[in-house]
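A.B. asks: Sending over a structure as structure tokens; questions will come in a sec.
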Number of protein chains: 2
Amino acid sequence: MCLYRYKAVVSYDGYSYQGFQAQIGEETIEGKLNEAFKNWLSYEVKVVGSGRTDKQVHALGQVIHFDLENEIEANGVKRALNSFLPVDIRILEVTRVSSSFHARFDAKKKEYRYRFSLRPDDVFSYRYAPYFKNLDYDLMLEASKAFLGTHNFKGFCSADIDPNKDLNKTIYEINLIKEDGFMVFSFIGNAFLKYQVRRMMGLLIEIGRHKESPDRITYVLEKQDPKLSHKVAPGYGLTLYKVWY
Amino acid sequence: MCLYRYKAVVSYDGYSYQGFQAQIGEETIEGKLNEAFKNWLSYEVKVVGSGRTDKQVHALGQVIHFDLENEIEANGVKRALNSFLPVDIRILEVTRVSSSFHARFDAKKKEYRYRFSLRPDDVFSYRYAPYFKNLDYDLMLEASKAFLGTHNFKGFCSADIDPNKDLNKTIYEINLIKEDGFMVFSFIGNAFLKYQVRRMMGLLIEIGRHKESPDRITYVLEKQDPKLSHKVAPGYGLTLYKVWY
């Protein structure tokens with residue numbers, strides 16, 4: 001049987017979801033995508049994502065691949081999926097790709113953005129951007145430069161990480177973007193470990209509140225002990241912004 | 001018994017609510033406010049709003065008043081209420097007022113804003129701003145000027161409106177505000193009838209899609225027949241922005 005592979009860019013408001021990965025009895029992004037295919041087609045389709053996102057984490061540019069038994073025009077796939085998906089999960093783009101394309105293995109670079117609201121009690125951003133009083137954003141940006149380059153990020157990932165995993169990751173760029181009412185940290189790297197951005201951000205928040213010294217970053221990177229970065233920034237501030245192939 | 005009257009500015013993301021007005025068995029803003037008081041104090045407090053907002057309609061500056069049996073410092077009232085309210089309803093400001101102040105009867109002027117998203121499939125604004133393809137916003141603004149001044153708005157309100165109500169209302173200002181990714185219509189008037197802004201906006205959308213002529217506004221205003229304005233713009237695009245006293 002011939003299979004036709006497609007790549008799709010997926011955007012979601014993750015606030016109401018238990019994360020990307022399908023779990024029985026839980027509302028997840030992957031679960032909703034598989035369900036949309038089930039309601040659309042007569043056969044089962046399994047999507048493969050570029051990586052998982054945590055509970056409440058959003059995406060502007062998550063990438064998935066999947067195989068169809070019939071060749072359908074890419075825009076038609078997009079329209080059909082969007083008509084079966086809830087309004088908080090949207091397919092932005094579908095393209096036909098060769099059957100060797102793999103959303104996870106072929107990802108070369110990813111960008112995550114972490115958004116802070118500058119307005120306390122803003123009911124129009126509580127789902128997307130936490131508010132912290134008196135954060136020193138310039139100090140946070142300055143301190144964050146210690147993350148640039150290649151490091152073993154064991155000190156900044158989930159304690160239950162697979163010990164056989166390669167924990168050396170490279171961060172190419174960190175920027176602070178000022179938007180109307182928001183401050184946004186952007187992290188571009190080759191790949192990120194489970195909880196990595198949220199733990200990096202957790203320590204940066206402590207630095208921005210003058211509760212930790214900027215030196216602490218290098219210390220935790222060197223010690224490689226996840227117990228040292230126990231502060232995890234709220235998931236709903238984080239967005240998987242882009243995946244490069 | 002002495003009662004101490006307070007005025008509060010309330011903001012809410014109305015997307016998940018059945019409107020402002022309390023209804024048994026339904027999630028409403030007024031219901032949540034009364035519940036917060038019930039959980040905070042040992043006696044019942046009933047809030048009075050400047051007016052109702054429909055299902056899914058938001059507020060940045062809804063105003064309420066309520067009476068407490070003890071004089072409590074205004075900021076303490078704000079903090080206590082926010083700690084008992086869900087995250088999508090926030091008290092922005094509390095002030096002590098004289099017992100003659102009335103949130104509904106004393107309202108002199110109101111501003112409503114209707115927001116359109118310029119980005120199709122934007123998962124970060126689907127709760128707050130509908131997207132319509134190819135709306136001619138300049139034409140809509142131009143046409144909207146026919147609403148300015150004092151008119152009998154029977155043609156633009158709910159068909160079940162109380163026949164004894166004064167249907168003459170005045171609109172002072174209509175503006176189009178460009179925001180990053182949004183187009184926002186602002187309406188400032190002395191008062192607005194049930195469904196009025198959504199029906200005005202419903203016809204403006206038809207004009208913006210070139211499905212109705214701009215003359216239609218004056219025609220419906222003159223005919224005073226609500227059946228002529230059956231298009232009601234989605235509630236979740238509308239925000240009660242400000243109330244003046």
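Letters A, B, ... go to the chains of the structure tokens in the order shown; residues in each chain start at 1; ligands are counted from 1 in the same order.
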Name the residues of region 12-148 of chain B that fall into strand (DSSP E) according to DSSP on the backbone, using the chain letters and numbers of this document, as a PDB file with all heavy atoms, in the first residue's frame.

C.D. replies:
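Listed below is the output, result_27.pdb:
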```
ATOM      1  N   TYR B  12     -13.454  41.304  33.043  1.00  0.00           N
ATOM      2  CA  TYR B  12     -13.613  39.859  32.880  1.00  0.00           C
ATOM      3  C   TYR B  12     -13.458  39.398  31.445  1.00  0.00           C
ATOM      4  O   TYR B  12     -13.765  40.105  30.521  1.00  0.00           O
ATOM      5  CB  TYR B  12     -14.945  39.344  33.443  1.00  0.00           C
ATOM      6  CG  TYR B  12     -16.182  40.173  33.164  1.00  0.00           C
ATOM      7  CD1 TYR B  12     -16.934  39.979  32.010  1.00  0.00           C
ATOM      8  CD2 TYR B  12     -16.609  41.129  34.072  1.00  0.00           C
ATOM      9  CE1 TYR B  12     -18.089  40.718  31.770  1.00  0.00           C
ATOM     10  CE2 TYR B  12     -17.758  41.885  33.845  1.00  0.00           C
ATOM     11  CZ  TYR B  12     -18.494  41.675  32.693  1.00  0.00           C
ATOM     12  OH  TYR B  12     -19.616  42.425  32.453  1.00  0.00           O
ATOM     13  N   VAL B  48     -24.662  45.315  42.314  1.00  0.00           N
ATOM     14  CA  VAL B  48     -25.476  45.961  41.274  1.00  0.00           C
ATOM     15  C   VAL B  48     -24.521  46.450  40.198  1.00  0.00           C
ATOM     16  O   VAL B  48     -23.589  47.205  40.489  1.00  0.00           O
ATOM     17  CB  VAL B  48     -26.285  47.144  41.850  1.00  0.00           C
ATOM     18  CG1 VAL B  48     -27.043  47.884  40.739  1.00  0.00           C
ATOM     19  CG2 VAL B  48     -27.245  46.655  42.927  1.00  0.00           C
ATOM     20  N   GLY B  49     -24.733  46.007  38.965  1.00  0.00           N
ATOM     21  CA  GLY B  49     -23.854  46.391  37.872  1.00  0.00           C
ATOM     22  C   GLY B  49     -24.365  47.603  37.116  1.00  0.00           C
ATOM     23  O   GLY B  49     -25.541  47.961  37.223  1.00  0.00           O
ATOM     24  N   HIS B  58     -17.065  40.527  27.021  1.00  0.00           N
ATOM     25  CA  HIS B  58     -16.022  40.830  28.000  1.00  0.00           C
ATOM     26  C   HIS B  58     -16.223  42.209  28.622  1.00  0.00           C
ATOM     27  O   HIS B  58     -17.043  42.992  28.159  1.00  0.00           O
ATOM     28  CB  HIS B  58     -14.657  40.818  27.315  1.00  0.00           C
ATOM     29  CG  HIS B  58     -14.457  39.677  26.405  1.00  0.00           C
ATOM     30  ND1 HIS B  58     -14.253  38.398  26.874  1.00  0.00           N
ATOM     31  CD2 HIS B  58     -14.462  39.587  25.042  1.00  0.00           C
ATOM     32  CE1 HIS B  58     -14.118  37.585  25.840  1.00  0.00           C
ATOM     33  NE2 HIS B  58     -14.242  38.282  24.716  1.00  0.00           N
ATOM     34  N   ALA B  59     -15.434  42.486  29.652  1.00  0.00           N
ATOM     35  CA  ALA B  59     -15.409  43.838  30.202  1.00  0.00           C
ATOM     36  C   ALA B  59     -13.993  44.188  30.627  1.00  0.00           C
ATOM     37  O   ALA B  59     -13.275  43.352  31.176  1.00  0.00           O
ATOM     38  CB  ALA B  59     -16.350  43.961  31.394  1.00  0.00           C
ATOM     39  N   LEU B  60     -13.613  45.399  30.331  1.00  0.00           N
ATOM     40  CA  LEU B  60     -12.383  45.937  30.900  1.00  0.00           C
ATOM     41  C   LEU B  60     -12.764  46.857  32.052  1.00  0.00           C
ATOM     42  O   LEU B  60     -12.081  46.907  33.060  1.00  0.00           O
ATOM     43  CB  LEU B  60     -11.593  46.723  29.855  1.00  0.00           C
ATOM     44  CG  LEU B  60     -10.185  47.078  30.294  1.00  0.00           C
ATOM     45  CD1 LEU B  60      -9.301  45.849  30.285  1.00  0.00           C
ATOM     46  CD2 LEU B  60      -9.588  48.156  29.416  1.00  0.00           C
ATOM     47  N   GLY B  61     -13.888  47.563  31.911  1.00  0.00           N
ATOM     48  CA  GLY B  61     -14.270  48.554  32.927  1.00  0.00           C
ATOM     49  C   GLY B  61     -15.735  48.495  33.311  1.00  0.00           C
ATOM     50  O   GLY B  61     -16.395  49.527  33.391  1.00  0.00           O
ATOM     51  N   GLN B  62     -16.258  47.293  33.552  1.00  0.00           N
ATOM     52  CA  GLN B  62     -17.611  47.184  34.120  1.00  0.00           C
ATOM     53  C   GLN B  62     -17.563  47.820  35.508  1.00  0.00           C
ATOM     54  O   GLN B  62     -16.510  47.760  36.177  1.00  0.00           O
ATOM     55  CB  GLN B  62     -18.016  45.710  34.204  1.00  0.00           C
ATOM     56  CG  GLN B  62     -19.282  45.395  34.996  1.00  0.00           C
ATOM     57  CD  GLN B  62     -20.580  45.876  34.355  1.00  0.00           C
ATOM     58  OE1 GLN B  62     -20.828  47.089  34.275  1.00  0.00           O
ATOM     59  NE2 GLN B  62     -21.395  44.939  33.907  1.00  0.00           N
ATOM     60  N   VAL B  63     -18.660  48.460  35.940  1.00  0.00           N
ATOM     61  CA  VAL B  63     -18.684  49.065  37.280  1.00  0.00           C
ATOM     62  C   VAL B  63     -19.834  48.456  38.075  1.00  0.00           C
ATOM     63  O   VAL B  63     -20.918  48.231  37.537  1.00  0.00           O
ATOM     64  CB  VAL B  63     -18.813  50.597  37.194  1.00  0.00           C
ATOM     65  CG1 VAL B  63     -19.002  51.208  38.582  1.00  0.00           C
ATOM     66  CG2 VAL B  63     -17.577  51.192  36.523  1.00  0.00           C
ATOM     67  N   ILE B  64     -19.543  48.146  39.331  1.00  0.00           N
ATOM     68  CA  ILE B  64     -20.583  47.617  40.232  1.00  0.00           C
ATOM     69  C   ILE B  64     -20.582  48.438  41.522  1.00  0.00           C
ATOM     70  O   ILE B  64     -19.627  49.148  41.815  1.00  0.00           O
ATOM     71  CB  ILE B  64     -20.338  46.134  40.600  1.00  0.00           C
ATOM     72  CG1 ILE B  64     -18.956  45.956  41.270  1.00  0.00           C
ATOM     73  CG2 ILE B  64     -20.442  45.241  39.368  1.00  0.00           C
ATOM     74  CD1 ILE B  64     -18.701  44.560  41.858  1.00  0.00           C
ATOM     75  N   HIS B  65     -21.699  48.357  42.261  1.00  0.00           N
ATOM     76  CA  HIS B  65     -21.651  48.857  43.642  1.00  0.00           C
ATOM     77  C   HIS B  65     -22.200  47.765  44.549  1.00  0.00           C
ATOM     78  O   HIS B  65     -22.904  46.850  44.095  1.00  0.00           O
ATOM     79  CB  HIS B  65     -22.403  50.190  43.802  1.00  0.00           C
ATOM     80  CG  HIS B  65     -23.897  50.089  43.907  1.00  0.00           C
ATOM     81  ND1 HIS B  65     -24.754  50.542  42.930  1.00  0.00           N
ATOM     82  CD2 HIS B  65     -24.698  49.593  44.889  1.00  0.00           C
ATOM     83  CE1 HIS B  65     -26.009  50.334  43.296  1.00  0.00           C
ATOM     84  NE2 HIS B  65     -26.006  49.756  44.474  1.00  0.00           N
ATOM     85  N   PHE B  66     -21.840  47.874  45.826  1.00  0.00           N
ATOM     86  CA  PHE B  66     -22.312  46.902  46.820  1.00  0.00           C
ATOM     87  C   PHE B  66     -22.148  47.512  48.202  1.00  0.00           C
ATOM     88  O   PHE B  66     -21.394  48.474  48.379  1.00  0.00           O
ATOM     89  CB  PHE B  66     -21.540  45.573  46.714  1.00  0.00           C
ATOM     90  CG  PHE B  66     -20.036  45.740  46.724  1.00  0.00           C
ATOM     91  CD1 PHE B  66     -19.328  45.863  47.917  1.00  0.00           C
ATOM     92  CD2 PHE B  66     -19.329  45.812  45.528  1.00  0.00           C
ATOM     93  CE1 PHE B  66     -17.940  46.029  47.912  1.00  0.00           C
ATOM     94  CE2 PHE B  66     -17.946  45.986  45.522  1.00  0.00           C
ATOM     95  CZ  PHE B  66     -17.255  46.093  46.712  1.00  0.00           C
ATOM     96  N   ASP B  67     -22.877  46.964  49.167  1.00  0.00           N
ATOM     97  CA  ASP B  67     -22.855  47.492  50.541  1.00  0.00           C
ATOM     98  C   ASP B  67     -22.254  46.472  51.501  1.00  0.00           C
ATOM     99  O   ASP B  67     -22.616  45.297  51.458  1.00  0.00           O
ATOM    100  CB  ASP B  67     -24.288  47.804  50.995  1.00  0.00           C
ATOM    101  CG  ASP B  67     -24.902  48.930  50.190  1.00  0.00           C
ATOM    102  OD1 ASP B  67     -24.172  49.887  49.858  1.00  0.00           O
ATOM    103  OD2 ASP B  67     -26.112  48.847  49.877  1.00  0.00           O
ATOM    104  N   LEU B  68     -21.365  46.937  52.344  1.00  0.00           N
ATOM    105  CA  LEU B  68     -20.782  46.066  53.366  1.00  0.00           C
ATOM    106  C   LEU B  68     -21.271  46.510  54.750  1.00  0.00           C
ATOM    107  O   LEU B  68     -21.588  47.686  54.956  1.00  0.00           O
ATOM    108  CB  LEU B  68     -19.250  46.122  53.318  1.00  0.00           C
ATOM    109  CG  LEU B  68     -18.592  45.691  52.002  1.00  0.00           C
ATOM    110  CD1 LEU B  68     -17.072  45.685  52.157  1.00  0.00           C
ATOM    111  CD2 LEU B  68     -19.090  44.317  51.554  1.00  0.00           C
ATOM    112  N   ILE B  89     -11.924  36.735  36.190  1.00  0.00           N
ATOM    113  CA  ILE B  89     -12.677  37.894  36.692  1.00  0.00           C
ATOM    114  C   ILE B  89     -11.776  38.623  37.689  1.00  0.00           C
ATOM    115  O   ILE B  89     -11.341  38.029  38.674  1.00  0.00           O
ATOM    116  CB  ILE B  89     -13.988  37.492  37.407  1.00  0.00           C
ATOM    117  CG1 ILE B  89     -14.860  36.631  36.483  1.00  0.00           C
ATOM    118  CG2 ILE B  89     -14.749  38.724  37.882  1.00  0.00           C
ATOM    119  CD1 ILE B  89     -16.146  36.133  37.143  1.00  0.00           C
ATOM    120  N   ARG B  90     -11.463  39.882  37.445  1.00  0.00           N
ATOM    121  CA  ARG B  90     -10.537  40.624  38.296  1.00  0.00           C
ATOM    122  C   ARG B  90     -11.141  41.971  38.695  1.00  0.00           C
ATOM    123  O   ARG B  90     -11.700  42.681  37.876  1.00  0.00           O
ATOM    124  CB  ARG B  90      -9.209  40.917  37.568  1.00  0.00           C
ATOM    125  CG  ARG B  90      -8.337  39.707  37.219  1.00  0.00           C
ATOM    126  CD  ARG B  90      -7.669  39.096  38.439  1.00  0.00           C
ATOM    127  NE  ARG B  90      -8.464  38.034  38.985  1.00  0.00           N
ATOM    128  CZ  ARG B  90      -8.214  37.419  40.144  1.00  0.00           C
ATOM    129  NH1 ARG B  90      -7.183  37.775  40.873  1.00  0.00           N
ATOM    130  NH2 ARG B  90      -8.996  36.467  40.579  1.00  0.00           N
ATOM    131  N   ILE B  91     -10.996  42.291  39.976  1.00  0.00           N
ATOM    132  CA  ILE B  91     -11.372  43.611  40.468  1.00  0.00           C
ATOM    133  C   ILE B  91     -10.165  44.517  40.256  1.00  0.00           C
ATOM    134  O   ILE B  91      -9.089  44.246  40.785  1.00  0.00           O
ATOM    135  CB  ILE B  91     -11.718  43.556  41.974  1.00  0.00           C
ATOM    136  CG1 ILE B  91     -12.784  42.494  42.266  1.00  0.00           C
ATOM    137  CG2 ILE B  91     -12.135  44.930  42.478  1.00  0.00           C
ATOM    138  CD1 ILE B  91     -14.159  42.814  41.768  1.00  0.00           C
ATOM    139  N   LEU B  92     -10.334  45.590  39.482  1.00  0.00           N
ATOM    140  CA  LEU B  92      -9.194  46.461  39.184  1.00  0.00           C
ATOM    141  C   LEU B  92      -9.072  47.595  40.189  1.00  0.00           C
ATOM    142  O   LEU B  92      -7.984  48.116  40.394  1.00  0.00           O
ATOM    143  CB  LEU B  92      -9.328  47.040  37.772  1.00  0.00           C
ATOM    144  CG  LEU B  92      -9.389  46.024  36.619  1.00  0.00           C
ATOM    145  CD1 LEU B  92      -9.382  46.743  35.281  1.00  0.00           C
ATOM    146  CD2 LEU B  92      -8.219  45.039  36.694  1.00  0.00           C
ATOM    147  N   GLU B  93     -10.190  47.985  40.790  1.00  0.00           N
ATOM    148  CA  GLU B  93     -10.181  49.195  41.615  1.00  0.00           C
ATOM    149  C   GLU B  93     -11.409  49.179  42.517  1.00  0.00           C
ATOM    150  O   GLU B  93     -12.500  48.839  42.053  1.00  0.00           O
ATOM    151  CB  GLU B  93     -10.286  50.381  40.645  1.00  0.00           C
ATOM    152  CG  GLU B  93      -9.803  51.707  41.161  1.00  0.00           C
ATOM    153  CD  GLU B  93     -10.101  52.776  40.113  1.00  0.00           C
ATOM    154  OE1 GLU B  93      -9.583  52.646  38.972  1.00  0.00           O
ATOM    155  OE2 GLU B  93     -10.880  53.703  40.420  1.00  0.00           O
ATOM    156  N   VAL B  94     -11.213  49.547  43.776  1.00  0.00           N
ATOM    157  CA  VAL B  94     -12.358  49.682  44.696  1.00  0.00           C
ATOM    158  C   VAL B  94     -12.285  51.056  45.348  1.00  0.00           C
ATOM    159  O   VAL B  94     -11.210  51.496  45.748  1.00  0.00           O
ATOM    160  CB  VAL B  94     -12.337  48.577  45.794  1.00  0.00           C
ATOM    161  CG1 VAL B  94     -13.458  48.790  46.800  1.00  0.00           C
ATOM    162  CG2 VAL B  94     -12.437  47.189  45.176  1.00  0.00           C
ATOM    163  N   THR B  95     -13.424  51.756  45.428  1.00  0.00           N
ATOM    164  CA  THR B  95     -13.456  53.037  46.155  1.00  0.00           C
ATOM    165  C   THR B  95     -14.691  53.094  47.045  1.00  0.00           C
ATOM    166  O   THR B  95     -15.740  52.554  46.696  1.00  0.00           O
ATOM    167  CB  THR B  95     -13.501  54.264  45.191  1.00  0.00           C
ATOM    168  OG1 THR B  95     -14.263  53.907  44.027  1.00  0.00           O
ATOM    169  CG2 THR B  95     -12.117  54.690  44.761  1.00  0.00           C
ATOM    170  N   ARG B  96     -14.542  53.747  48.197  1.00  0.00           N
ATOM    171  CA  ARG B  96     -15.692  54.006  49.080  1.00  0.00           C
ATOM    172  C   ARG B  96     -16.492  55.126  48.447  1.00  0.00           C
ATOM    173  O   ARG B  96     -15.924  56.132  48.008  1.00  0.00           O
ATOM    174  CB  ARG B  96     -15.177  54.474  50.459  1.00  0.00           C
ATOM    175  CG  ARG B  96     -15.016  53.378  51.470  1.00  0.00           C
ATOM    176  CD  ARG B  96     -16.350  52.928  52.092  1.00  0.00           C
ATOM    177  NE  ARG B  96     -16.787  53.839  53.142  1.00  0.00           N
ATOM    178  CZ  ARG B  96     -18.033  54.293  53.230  1.00  0.00           C
ATOM    179  NH1 ARG B  96     -18.954  53.967  52.347  1.00  0.00           N
ATOM    180  NH2 ARG B  96     -18.360  55.098  54.222  1.00  0.00           N
ATOM    181  N   LYS B 109     -22.276  57.728  30.736  1.00  0.00           N
ATOM    182  CA  LYS B 109     -21.709  57.502  29.419  1.00  0.00           C
ATOM    183  C   LYS B 109     -21.017  56.144  29.445  1.00  0.00           C
ATOM    184  O   LYS B 109     -20.475  55.743  30.483  1.00  0.00           O
ATOM    185  CB  LYS B 109     -20.636  58.580  29.177  1.00  0.00           C
ATOM    186  CG  LYS B 109     -20.582  59.146  27.790  1.00  0.00           C
ATOM    187  CD  LYS B 109     -19.777  60.437  27.739  1.00  0.00           C
ATOM    188  CE  LYS B 109     -18.278  60.190  27.710  1.00  0.00           C
ATOM    189  NZ  LYS B 109     -17.510  61.431  27.410  1.00  0.00           N
ATOM    190  N   LYS B 110     -21.079  55.436  28.327  1.00  0.00           N
ATOM    191  CA  LYS B 110     -20.405  54.130  28.262  1.00  0.00           C
ATOM    192  C   LYS B 110     -19.621  54.007  26.971  1.00  0.00           C
ATOM    193  O   LYS B 110     -20.014  54.563  25.940  1.00  0.00           O
ATOM    194  CB  LYS B 110     -21.440  52.996  28.290  1.00  0.00           C
ATOM    195  CG  LYS B 110     -21.962  52.693  29.664  1.00  0.00           C
ATOM    196  CD  LYS B 110     -22.846  51.454  29.642  1.00  0.00           C
ATOM    197  CE  LYS B 110     -23.407  51.212  31.042  1.00  0.00           C
ATOM    198  NZ  LYS B 110     -24.352  50.084  31.070  1.00  0.00           N
ATOM    199  N   GLU B 111     -18.528  53.255  27.035  1.00  0.00           N
ATOM    200  CA  GLU B 111     -17.789  52.935  25.822  1.00  0.00           C
ATOM    201  C   GLU B 111     -17.751  51.419  25.650  1.00  0.00           C
ATOM    202  O   GLU B 111     -17.378  50.687  26.570  1.00  0.00           O
ATOM    203  CB  GLU B 111     -16.347  53.474  25.886  1.00  0.00           C
ATOM    204  CG  GLU B 111     -15.549  53.090  24.635  1.00  0.00           C
ATOM    205  CD  GLU B 111     -14.155  53.716  24.573  1.00  0.00           C
ATOM    206  OE1 GLU B 111     -13.768  54.427  25.526  1.00  0.00           O
ATOM    207  OE2 GLU B 111     -13.468  53.487  23.566  1.00  0.00           O
ATOM    208  N   TYR B 112     -18.150  50.985  24.458  1.00  0.00           N
ATOM    209  CA  TYR B 112     -18.013  49.577  24.064  1.00  0.00           C
ATOM    210  C   TYR B 112     -16.992  49.496  22.951  1.00  0.00           C
ATOM    211  O   TYR B 112     -16.922  50.387  22.104  1.00  0.00           O
ATOM    212  CB  TYR B 112     -19.344  49.022  23.548  1.00  0.00           C
ATOM    213  CG  TYR B 112     -20.249  48.504  24.625  1.00  0.00           C
ATOM    214  CD1 TYR B 112     -21.265  49.300  25.163  1.00  0.00           C
ATOM    215  CD2 TYR B 112     -20.119  47.210  25.099  1.00  0.00           C
ATOM    216  CE1 TYR B 112     -22.119  48.819  26.148  1.00  0.00           C
ATOM    217  CE2 TYR B 112     -20.965  46.714  26.093  1.00  0.00           C
ATOM    218  CZ  TYR B 112     -21.959  47.521  26.608  1.00  0.00           C
ATOM    219  OH  TYR B 112     -22.788  47.031  27.586  1.00  0.00           O
ATOM    220  N   ARG B 113     -16.190  48.445  22.943  1.00  0.00           N
ATOM    221  CA  ARG B 113     -15.256  48.223  21.836  1.00  0.00           C
ATOM    222  C   ARG B 113     -15.511  46.871  21.199  1.00  0.00           C
ATOM    223  O   ARG B 113     -15.744  45.889  21.902  1.00  0.00           O
ATOM    224  CB  ARG B 113     -13.800  48.301  22.325  1.00  0.00           C
ATOM    225  CG  ARG B 113     -13.442  49.709  22.742  1.00  0.00           C
ATOM    226  CD  ARG B 113     -11.949  49.897  22.857  1.00  0.00           C
ATOM    227  NE  ARG B 113     -11.665  51.298  23.164  1.00  0.00           N
ATOM    228  CZ  ARG B 113     -10.450  51.807  23.298  1.00  0.00           C
ATOM    229  NH1 ARG B 113      -9.390  51.017  23.144  1.00  0.00           N
ATOM    230  NH2 ARG B 113     -10.267  53.083  23.565  1.00  0.00           N
ATOM    231  N   TYR B 114     -15.471  46.863  19.873  1.00  0.00           N
ATOM    232  CA  TYR B 114     -15.639  45.609  19.139  1.00  0.00           C
ATOM    233  C   TYR B 114     -14.369  45.327  18.362  1.00  0.00           C
ATOM    234  O   TYR B 114     -13.915  46.133  17.569  1.00  0.00           O
ATOM    235  CB  TYR B 114     -16.844  45.663  18.186  1.00  0.00           C
ATOM    236  CG  TYR B 114     -17.280  44.264  17.847  1.00  0.00           C
ATOM    237  CD1 TYR B 114     -18.270  43.640  18.579  1.00  0.00           C
ATOM    238  CD2 TYR B 114     -16.637  43.550  16.844  1.00  0.00           C
ATOM    239  CE1 TYR B 114     -18.636  42.325  18.311  1.00  0.00           C
ATOM    240  CE2 TYR B 114     -16.985  42.233  16.574  1.00  0.00           C
ATOM    241  CZ  TYR B 114     -17.992  41.634  17.317  1.00  0.00           C
ATOM    242  OH  TYR B 114     -18.331  40.327  17.065  1.00  0.00           O
ATOM    243  N   ARG B 115     -13.776  44.182  18.615  1.00  0.00           N
ATOM    244  CA  ARG B 115     -12.454  43.863  18.122  1.00  0.00           C
ATOM    245  C   ARG B 115     -12.489  42.777  17.033  1.00  0.00           C
ATOM    246  O   ARG B 115     -13.117  41.741  17.208  1.00  0.00           O
ATOM    247  CB  ARG B 115     -11.638  43.355  19.318  1.00  0.00           C
ATOM    248  CG  ARG B 115     -10.216  42.934  19.046  1.00  0.00           C
ATOM    249  CD  ARG B 115      -9.556  42.614  20.377  1.00  0.00           C
ATOM    250  NE  ARG B 115      -9.680  43.780  21.235  1.00  0.00           N
ATOM    251  CZ  ARG B 115      -8.648  44.502  21.679  1.00  0.00           C
ATOM    252  NH1 ARG B 115      -7.419  44.130  21.402  1.00  0.00           N
ATOM    253  NH2 ARG B 115      -8.858  45.560  22.407  1.00  0.00           N
ATOM    254  N   PHE B 116     -11.815  43.052  15.925  1.00  0.00           N
ATOM    255  CA  PHE B 116     -11.665  42.060  14.848  1.00  0.00           C
ATOM    256  C   PHE B 116     -10.208  41.630  14.779  1.00  0.00           C
ATOM    257  O   PHE B 116      -9.315  42.468  14.843  1.00  0.00           O
ATOM    258  CB  PHE B 116     -12.040  42.673  13.498  1.00  0.00           C
ATOM    259  CG  PHE B 116     -13.485  43.025  13.376  1.00  0.00           C
ATOM    260  CD1 PHE B 116     -13.928  44.308  13.659  1.00  0.00           C
ATOM    261  CD2 PHE B 116     -14.407  42.060  12.990  1.00  0.00           C
ATOM    262  CE1 PHE B 116     -15.276  44.633  13.552  1.00  0.00           C
ATOM    263  CE2 PHE B 116     -15.757  42.380  12.876  1.00  0.00           C
ATOM    264  CZ  PHE B 116     -16.190  43.672  13.163  1.00  0.00           C
ATOM    265  N   SER B 117      -9.990  40.330  14.618  1.00  0.00           N
ATOM    266  CA  SER B 117      -8.628  39.840  14.421  1.00  0.00           C
ATOM    267  C   SER B 117      -8.275  39.964  12.952  1.00  0.00           C
ATOM    268  O   SER B 117      -9.100  39.744  12.078  1.00  0.00           O
ATOM    269  CB  SER B 117      -8.539  38.383  14.856  1.00  0.00           C
ATOM    270  OG  SER B 117      -7.266  37.868  14.506  1.00  0.00           O
TER     271      SER B 117
END
```

A.B. asks: Which residues are close to Ile29 (chain B), i.e. within 10 Å by only C-alpha atoms, leaving aside same-chain residues fewer than 2 positions away? Reply as a list in words.

C.D. replies: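 In the requested form, the answer reads Val10, Ser11, Tyr12, Asp13, Gly14, Ser16, Tyr17, Gln18, Gly19, Phe20, Gln21, Ala22, Gln23, Glu26, Glu27, Gly31, Lys32, Leu33, Asn34, Glu35, Arg52, Thr53, Lys55, His58, Leu85, Asp88 and Ile89 of chain B.
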
A.B. asks: Distance CA of Ile72 (chain A)-CA of Ser50 (chain A), one decimal place?

C.D. replies: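 Going from CA of Ile72 (chain A) over to CA of Ser50 (chain A), I get 22.6 Å.
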
A.B. asks: What's the separation between CA of Tyr4 (chain B) and CA of Lys108 (chain B), in Å to one decimal place?

C.D. replies: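 Going from CA of Tyr4 (chain B) over to CA of Lys108 (chain B) covers 23.0 Å.
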
A.B. asks: Give me the residues near region 209-215 of chain A as JSON, numbers by chain, where near means some atom within 10 Å (using only C-alpha atoms) and where sequence neighbours in that chain fewer than 4 positions away do not count.

C.D. replies: {"A": [132, 133, 134, 135, 136, 137, 139, 140, 142, 143, 144, 145, 146, 203, 204, 205, 219, 220]}

A.B. asks: One number please: CA of Ser229 (chain A) to CA of Phe192 (chain A), in Å, one decimal.

C.D. replies: 15.6 Å

A.B. asks: Neighbouring residues of Val232 (chain B) were defined as those with any atom within 10 Å, considering only C-alpha atoms; residues of the same chain fewer than 5 positions away were excluded. Please report them as a list in words.

C.D. replies: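 Neighbouring residues, sequence-local ones excluded: Phe156, Cys157, Ser158, Tyr195, Gln196, Val197, Arg198, Arg199, Met200, Met201, Gly202, Leu203 and Ile205 of chain B.
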